[in-house]
$ cat target_16.txt   # compact mmCIF, C-alpha atoms
# COMPACT_ATOMS: atom_id res chain seq x y z
CA ALA H 21 66.40 86.32 113.72
CA ALA H 22 69.73 86.64 115.49
CA GLY H 23 68.11 85.86 118.83
CA ILE H 24 67.24 82.30 117.86
CA SER H 25 70.04 81.56 115.46
CA SER H 26 72.31 80.49 118.34
CA PRO H 27 70.29 77.42 119.41
CA TYR H 28 69.80 76.40 115.79
CA LEU H 29 73.52 76.62 115.05
CA ALA H 30 74.32 74.91 118.36
CA GLY H 31 72.04 72.01 117.46
CA ILE H 32 73.33 71.69 113.91
CA LEU H 33 77.00 71.87 114.87
CA GLY H 34 77.03 70.38 118.36
CA GLY H 35 74.41 67.66 118.01
CA TYR H 36 71.88 66.29 120.48
CA PRO H 37 70.85 67.68 122.99
CA LEU H 38 72.64 71.03 122.74
CA GLY H 39 69.96 72.75 120.64
CA ALA H 40 67.23 71.83 123.13
CA GLN H 41 69.37 73.05 126.01
CA CYS H 42 69.88 76.43 124.31
CA VAL H 43 66.16 76.84 123.60
CA ALA H 44 65.36 76.03 127.25
CA GLY H 45 67.91 78.66 128.30
CA MET H 46 66.25 81.27 126.09
CA LEU H 47 62.87 80.43 127.61
CA ASP H 48 64.20 80.68 131.17
CA GLU H 49 65.76 84.07 130.37
CA GLY H 50 62.56 85.43 128.83
CA ARG H 51 64.05 85.77 125.34
CA THR H 52 61.26 83.72 123.82
CA ASP H 53 57.84 82.46 124.94
CA SER H 54 56.70 78.90 125.58
CA GLU H 55 54.70 78.62 122.34
CA ARG H 56 57.66 79.53 120.20
CA ALA H 57 60.06 77.44 122.28
CA ALA H 58 57.84 74.42 121.67
CA TRP H 59 58.42 74.79 117.92
CA LEU H 60 62.06 75.85 118.14
CA VAL H 61 63.10 72.77 120.10
CA CYS H 62 61.73 70.59 117.28
CA PHE H 63 63.97 72.24 114.68
CA CYS H 64 67.03 73.14 116.76
CA ASN H 65 67.63 69.70 118.30
CA ASN H 66 69.57 67.76 115.65
CA PRO H 67 72.37 65.22 115.25
CA GLY H 68 75.85 66.65 114.76
CA PRO H 69 77.61 66.51 111.37
CA ALA H 70 80.52 64.39 112.62
CA PHE H 71 78.14 61.65 113.78
CA VAL H 72 76.06 61.82 110.59
CA ILE H 73 78.83 62.05 108.01
CA SER H 74 81.56 59.96 109.60
CA GLY H 75 79.71 57.72 112.02
CA ILE H 76 76.76 56.83 109.80
CA GLY H 77 77.92 57.68 106.27
CA GLN H 78 81.35 56.11 106.57
CA GLY H 79 80.71 53.74 109.44
CA VAL H 80 77.42 52.19 108.32
CA PHE H 81 77.32 52.70 104.55
CA GLY H 82 81.05 53.01 103.84
CA SER H 83 80.54 56.21 101.87
CA MET H 84 81.28 59.87 102.56
CA LYS H 85 78.72 60.79 99.90
CA ALA H 86 76.07 58.84 101.79
CA GLY H 87 76.95 60.81 104.92
CA LEU H 88 76.74 64.11 103.07
CA LEU H 89 73.34 63.19 101.68
CA LEU H 90 72.08 62.31 105.16
CA GLU H 91 73.48 65.53 106.60
CA GLY H 92 71.80 67.42 103.77
CA SER H 93 68.46 65.89 104.76
CA VAL H 94 68.96 67.06 108.35
CA LEU H 95 69.81 70.60 107.24
CA ALA H 96 66.95 70.75 104.73
CA VAL H 97 64.05 69.71 106.95
CA SER H 98 65.23 71.37 110.16
CA GLY H 99 66.25 74.52 108.29
CA LEU H 100 62.85 74.80 106.63
CA GLY H 101 61.07 74.42 109.96
CA TYR H 102 63.38 76.94 111.58
CA LEU H 103 62.78 79.53 108.86
CA LEU H 104 59.00 79.05 109.09
CA THR H 105 59.20 79.52 112.86
CA CYS H 106 61.25 82.70 112.41
CA ALA H 107 58.69 84.06 109.95
CA ARG H 108 55.79 83.65 112.37
CA ARG H 109 56.80 86.28 114.88
CA LYS H 110 59.63 88.64 115.76
CA ASP H 111 62.11 87.72 118.45
CA THR H 112 61.83 88.98 121.97
CA PRO H 113 64.77 91.40 122.29
CA SER H 114 67.76 89.82 123.94
CA VAL H 115 69.11 91.74 126.93
CA VAL H 116 72.70 91.13 127.97
CA ALA H 117 73.88 92.45 131.30
CA SER H 118 76.75 94.81 130.69
CA GLU H 119 78.34 94.06 134.07
CA GLU H 120 78.65 90.35 133.33
CA SER H 121 82.30 89.48 133.04
CA LEU H 122 83.90 87.33 130.39
CA VAL H 123 85.01 84.90 133.09
CA ARG H 124 81.44 84.45 134.37
CA SER H 125 80.15 83.93 130.83
CA LEU H 126 82.85 81.37 130.11
CA THR H 127 82.18 79.55 133.38
CA ALA H 128 78.44 79.45 132.67
CA SER H 129 79.07 78.09 129.17
CA VAL H 130 81.36 75.34 130.43
CA ALA H 131 78.88 74.40 133.16
CA SER H 132 76.03 74.33 130.68
CA GLY H 133 78.00 72.13 128.30
CA ALA H 134 78.95 69.77 131.12
CA GLU H 135 75.29 69.52 132.18
CA GLY H 136 74.33 68.63 128.61
CA MET H 137 76.95 65.88 128.45
CA VAL H 138 75.79 64.40 131.77
CA VAL H 139 72.16 64.40 130.61
CA LEU H 140 73.13 62.89 127.25
CA THR H 141 75.20 60.10 128.81
CA GLY H 142 72.71 59.38 131.57
CA TYR H 143 69.75 58.95 129.24
CA ILE H 144 71.70 56.81 126.77
CA VAL H 145 72.74 54.47 129.59
CA LEU H 146 69.17 54.38 130.95
CA PHE H 147 67.53 53.67 127.61
CA ARG H 148 70.10 51.05 126.61
CA ALA H 149 69.54 49.31 129.94
CA LEU H 150 65.79 49.40 129.37
CA GLY H 151 66.29 48.15 125.84
CA ALA H 152 68.17 45.15 127.16
CA VAL H 153 65.32 44.29 129.53
CA LEU H 154 62.22 45.18 127.51
CA PRO H 155 61.14 42.98 124.56
CA ILE H 156 61.85 45.60 121.88
CA PRO H 157 62.11 44.19 118.33
CA SER H 158 65.47 44.87 116.69
CA ALA H 159 63.69 46.69 113.85
CA ALA H 160 62.31 49.20 116.37
CA ALA H 161 65.48 49.63 118.42
CA GLY H 162 66.36 52.90 116.67
CA LEU H 163 62.98 54.40 117.55
CA PHE H 164 63.73 53.70 121.20
CA GLU H 165 67.41 54.69 121.34
CA MET H 166 68.65 56.10 118.04
CA SER H 167 72.43 56.07 118.50
CA GLY H 168 72.44 52.31 119.03
CA GLY H 169 69.68 51.19 116.68
CA ILE H 170 70.75 53.23 113.68
CA PHE H 171 73.83 51.09 113.10
CA SER H 172 71.61 48.20 112.03
CA VAL H 173 69.63 50.06 109.34
CA LYS H 174 69.76 48.75 105.78
CA SER H 175 68.95 51.80 103.66
CA LEU H 176 69.66 55.52 103.48
CA PRO H 177 65.96 56.53 103.77
CA GLN H 178 65.71 54.51 106.99
CA ALA H 179 68.83 56.21 108.34
CA ALA H 180 67.49 59.64 107.35
CA PHE H 181 64.25 58.95 109.22
CA LEU H 182 66.00 57.86 112.42
CA LEU H 183 68.53 60.71 112.36
CA ASN H 184 65.79 63.32 112.03
CA PHE H 185 63.34 61.64 114.40
CA GLY H 186 65.98 61.03 117.05
CA GLY H 187 64.15 58.39 119.05
CA LEU H 188 62.50 58.42 122.46
CA CYS H 189 65.85 58.70 124.25
CA VAL H 190 66.67 62.00 122.51
CA MET H 191 63.15 63.26 123.24
CA ALA H 192 63.64 62.52 126.95
CA GLN H 193 66.98 64.33 126.89
CA ALA H 194 65.42 67.38 125.24
CA MET H 195 62.38 67.57 127.51
CA SER H 196 64.53 67.27 130.66
CA PHE H 197 65.83 70.82 130.15
CA PHE H 198 62.35 72.38 130.40
CA LYS H 199 61.04 73.09 133.90
CA ASN H 200 57.43 72.22 133.04
CA GLY H 201 58.38 68.91 131.45
CA GLY H 202 58.59 70.30 127.97
CA PHE H 203 56.36 69.76 124.99
CA ALA H 204 56.70 66.02 124.51
CA LEU H 205 53.62 65.32 122.37
CA ARG H 206 54.22 68.19 119.95
CA TYR H 207 57.91 67.36 119.82
CA ILE H 208 57.46 63.70 118.98
CA LEU H 209 54.76 64.36 116.36
CA CYS H 210 56.86 67.08 114.72
CA LYS H 211 59.95 64.87 114.71
CA LEU H 212 57.98 62.03 113.12
CA VAL H 213 56.95 64.40 110.32
CA LEU H 214 60.52 65.66 109.91
CA GLY H 215 61.80 62.09 109.78
CA GLY H 216 59.27 61.19 107.10
CA LEU H 217 60.14 64.27 105.04
CA ALA H 218 63.86 63.54 105.31
CA ALA H 219 63.40 59.90 104.27
CA THR H 220 61.30 60.99 101.29
CA LEU H 221 63.88 63.58 100.28
CA VAL H 222 66.71 61.03 100.41
CA LYS H 223 64.67 58.51 98.42
CA ILE H 224 63.93 61.12 95.74
CA CYS H 225 67.63 61.99 95.52
CA GLN H 226 68.49 58.32 95.07
CA GLU H 227 65.89 57.83 92.37
CA ILE H 228 66.69 60.99 90.40
CA TRP H 229 70.44 61.07 90.63
CA LYS H 230 71.15 57.46 91.63
CA PHE H 231 73.16 59.07 94.35
CA CYS H 232 74.69 56.67 96.88
CA ALA H 233 72.12 53.97 96.11
CA VAL H 234 72.30 51.30 98.78
$ encode --input "target_16.txt" --output "structure tokens"
Amino acid sequence: AAGISSPYLAGILGGYPLGAQCVAGMLDEGRTDSERAAWLVCFCNNPGPAFVISGIGQGVFGSMKAGLLLEGSVLAVSGLGYLLTCARRKDTPSVVASEESLVRSLTASVASGAEGMVVLTGYIVLFRALGAVLPIPSAAAGLFEMSGGIFSVKSLPQAAFLLNFGGLCVMAQAMSFFKNGGFALRYILCKLVLGGLAATLVKICQEIWKFCAV
């Protein structure tokens, strides 16, 4: 499954919305089909470990262990979905043009990364502006724009849900990379399931091991 390991690793290590951007690139290049891309984007678009462990674990709960538990929930549910997607069908062979220079590849990578940062920043600003205008309850703020609302959560299971769901802002970021508008309904339903599974997993860990109980 080497062909689709790159977007998964990009999403796990680089955070939102890099995984979605990589999946969209694979689809544009013909290295996967739209049906598989619709599932891959659900499992490859994840929060980065620095944000989860340091920003949420240390910043919100004051505990590195809490951050590691939350990161473990992200890896567990997204990794399971990724493996199930890999098992469904073989990859479309990846073709790399031999004449493409290292400089062109590097330039394309930098441009792609810059595009992702612009999209990320633009949607965060847009959704935070909308959040300031619309009558959104504070309890639901994380569902609308995760990176702002998650800092007001009171428990690890709640944080696990929001981190894995991502919120509507992250969904908009992810879908913007797909020419046909993406797979919004499937994405949001899948992310809701992943968020619920992650919250349940964290709760079980707290109950069994009394691990980072908050």
$ atom_distance --input "target_16.txt" --atom1 "atom CA of Ala161 of chain H" --atom2 "atom CA of Asn65 of chain H"
20.2 Å
$ closest_atom_pairs --input "target_16.txt" --of "segment 48-86 of chain H" --to "segment 211-223 of chain H" --cutoff "10 Å" --atoms "all atoms listed in the file" --output "JSON lines"
{"residue": "H:Cys62", "atom": "CA", "partner": "H:Lys211", "partner_atom": "CA", "distance": 6.5}
{"residue": "H:Phe63", "atom": "CA", "partner": "H:Lys211", "partner_atom": "CA", "distance": 8.4}
{"residue": "H:Asn65", "atom": "CA", "partner": "H:Lys211", "partner_atom": "CA", "distance": 9.8}
{"residue": "H:Ala86", "atom": "CA", "partner": "H:Val222", "partner_atom": "CA", "distance": 9.7}
$ closest_residue --input "target_16.txt" --among "H:Met84, H:Phe197, H:Val72, H:Gly79" --to "Leu182 of chain H" --atoms "all atoms listed in the file"
H:Val72
$ closest_atom_pairs --input "target_16.txt" --of "segment 63-91 of chain H" --to "segment 28-44 of chain H" --cutoff "12 Å" --atoms "only C-alpha atoms" --output "tab-separated table"
residue	atom	partner	partner_atom	distance
H:Phe63	CA	H:Tyr28	CA	7.2
H:Cys64	CA	H:Tyr28	CA	4.4
H:Asn65	CA	H:Gly39	CA	4.5
H:Asn66	CA	H:Gly31	CA	5.2
H:Pro67	CA	H:Gly35	CA	4.2
H:Gly68	CA	H:Gly35	CA	3.7
H:Pro69	CA	H:Leu33	CA	6.4
H:Ala70	CA	H:Leu33	CA	8.6
H:Phe71	CA	H:Gly35	CA	8.2
H:Val72	CA	H:Gly35	CA	9.6
H:Glu91	CA	H:Ile32	CA	9.6
$ closest_residue --input "target_16.txt" --among "H:Glu55, H:Leu146, H:Gly101, H:Leu176" --to "Ile224 of chain H" --atoms "only C-alpha atoms"
H:Leu176
$ closest_residue --input "target_16.txt" --among "H:Val80, H:Leu188, H:Ile208, H:Ile144" --to "Ala160 of chain H" --atoms "only C-alpha atoms"
H:Leu188
$ decode --input "target_16.txt" --residues "segment 41-53 of chain H" --atoms "all heavy atoms" --output "tab-separated table (two decimals), in the first residue's frame"
chain	number	residue	atom	x	y	z
H	41	GLN	N	-5.16	17.21	1.03
H	41	GLN	CA	-4.50	17.77	-0.15
H	41	GLN	C	-3.75	16.69	-0.91
H	41	GLN	O	-3.77	16.65	-2.15
H	41	GLN	CB	-3.54	18.89	0.28
H	41	GLN	CG	-2.92	19.64	-0.89
H	41	GLN	CD	-2.01	20.75	-0.42
H	41	GLN	OE1	-1.60	20.80	0.74
H	41	GLN	NE2	-1.68	21.67	-1.31
H	42	CYS	N	-3.10	15.78	-0.19
H	42	CYS	CA	-2.36	14.70	-0.84
H	42	CYS	C	-3.29	13.72	-1.54
H	42	CYS	O	-3.01	13.25	-2.65
H	42	CYS	CB	-1.51	13.96	0.18
H	42	CYS	SG	-0.11	14.90	0.80
H	43	VAL	N	-4.42	13.40	-0.91
H	43	VAL	CA	-5.39	12.50	-1.53
H	43	VAL	C	-5.95	13.13	-2.81
H	43	VAL	O	-6.09	12.47	-3.84
H	43	VAL	CB	-6.54	12.16	-0.56
H	43	VAL	CG1	-7.63	11.37	-1.27
H	43	VAL	CG2	-6.01	11.36	0.63
H	44	ALA	N	-6.26	14.42	-2.76
H	44	ALA	CA	-6.76	15.13	-3.94
H	44	ALA	C	-5.73	15.10	-5.06
H	44	ALA	O	-6.07	14.94	-6.24
H	44	ALA	CB	-7.12	16.56	-3.58
H	45	GLY	N	-4.44	15.24	-4.70
H	45	GLY	CA	-3.38	15.16	-5.69
H	45	GLY	C	-3.30	13.80	-6.34
H	45	GLY	O	-3.12	13.68	-7.56
H	46	MET	N	-3.46	12.74	-5.55
H	46	MET	CA	-3.46	11.38	-6.10
H	46	MET	C	-4.62	11.18	-7.06
H	46	MET	O	-4.47	10.56	-8.12
H	46	MET	CB	-3.56	10.36	-4.96
H	46	MET	CG	-2.32	10.19	-4.13
H	46	MET	SD	-2.54	8.93	-2.85
H	46	MET	CE	-2.88	7.49	-3.85
H	47	LEU	N	-5.78	11.72	-6.71
H	47	LEU	CA	-6.95	11.60	-7.58
H	47	LEU	C	-6.74	12.34	-8.89
H	47	LEU	O	-7.05	11.81	-9.97
H	47	LEU	CB	-8.19	12.14	-6.84
H	47	LEU	CG	-9.52	12.04	-7.58
H	47	LEU	CD1	-9.88	10.59	-7.89
H	47	LEU	CD2	-10.62	12.68	-6.75
H	48	ASP	N	-6.20	13.53	-8.82
H	48	ASP	CA	-5.94	14.32	-10.03
H	48	ASP	C	-4.94	13.63	-10.95
H	48	ASP	O	-5.04	13.73	-12.18
H	48	ASP	CB	-5.41	15.71	-9.66
H	48	ASP	CG	-6.47	16.57	-8.98
H	48	ASP	OD1	-7.67	16.25	-9.11
H	48	ASP	OD2	-6.10	17.57	-8.32
H	49	GLU	N	-3.97	12.93	-10.35
H	49	GLU	CA	-2.93	12.25	-11.13
H	49	GLU	C	-3.34	10.87	-11.60
H	49	GLU	O	-2.57	10.18	-12.27
H	49	GLU	CB	-1.65	12.15	-10.30
H	49	GLU	CG	-1.03	13.52	-9.97
H	49	GLU	CD	0.04	13.42	-8.90
H	49	GLU	OE1	0.40	12.27	-8.52
H	49	GLU	OE2	0.50	14.48	-8.41
H	50	GLY	N	-4.54	10.42	-11.23
H	50	GLY	CA	-5.01	9.11	-11.65
H	50	GLY	C	-4.42	7.96	-10.87
H	50	GLY	O	-4.50	6.80	-11.31
H	51	ARG	N	-3.86	8.22	-9.70
H	51	ARG	CA	-3.26	7.16	-8.89
H	51	ARG	C	-4.26	6.49	-7.95
H	51	ARG	O	-3.92	5.56	-7.23
H	51	ARG	CB	-2.06	7.70	-8.10
H	51	ARG	CG	-0.89	8.07	-8.99
H	51	ARG	CD	0.36	8.34	-8.18
H	51	ARG	NE	0.29	9.64	-7.52
H	51	ARG	CZ	0.67	9.85	-6.27
H	51	ARG	NH1	1.08	8.84	-5.51
H	51	ARG	NH2	0.61	11.06	-5.75
H	52	THR	N	-5.47	7.00	-7.93
H	52	THR	CA	-6.55	6.35	-7.21
H	52	THR	C	-7.85	6.80	-7.86
H	52	THR	O	-7.85	7.73	-8.68
H	52	THR	CB	-6.54	6.71	-5.71
H	52	THR	OG1	-7.45	5.87	-5.01
H	52	THR	CG2	-6.93	8.16	-5.48
H	53	ASP	N	-8.96	6.15	-7.56
H	53	ASP	CA	-10.24	6.55	-8.14
H	53	ASP	C	-11.06	7.33	-7.12
H	53	ASP	O	-10.71	7.43	-5.94
H	53	ASP	CB	-11.01	5.33	-8.64
H	53	ASP	CG	-11.23	4.27	-7.56
H	53	ASP	OD1	-11.61	4.65	-6.44
H	53	ASP	OD2	-11.03	3.08	-7.85
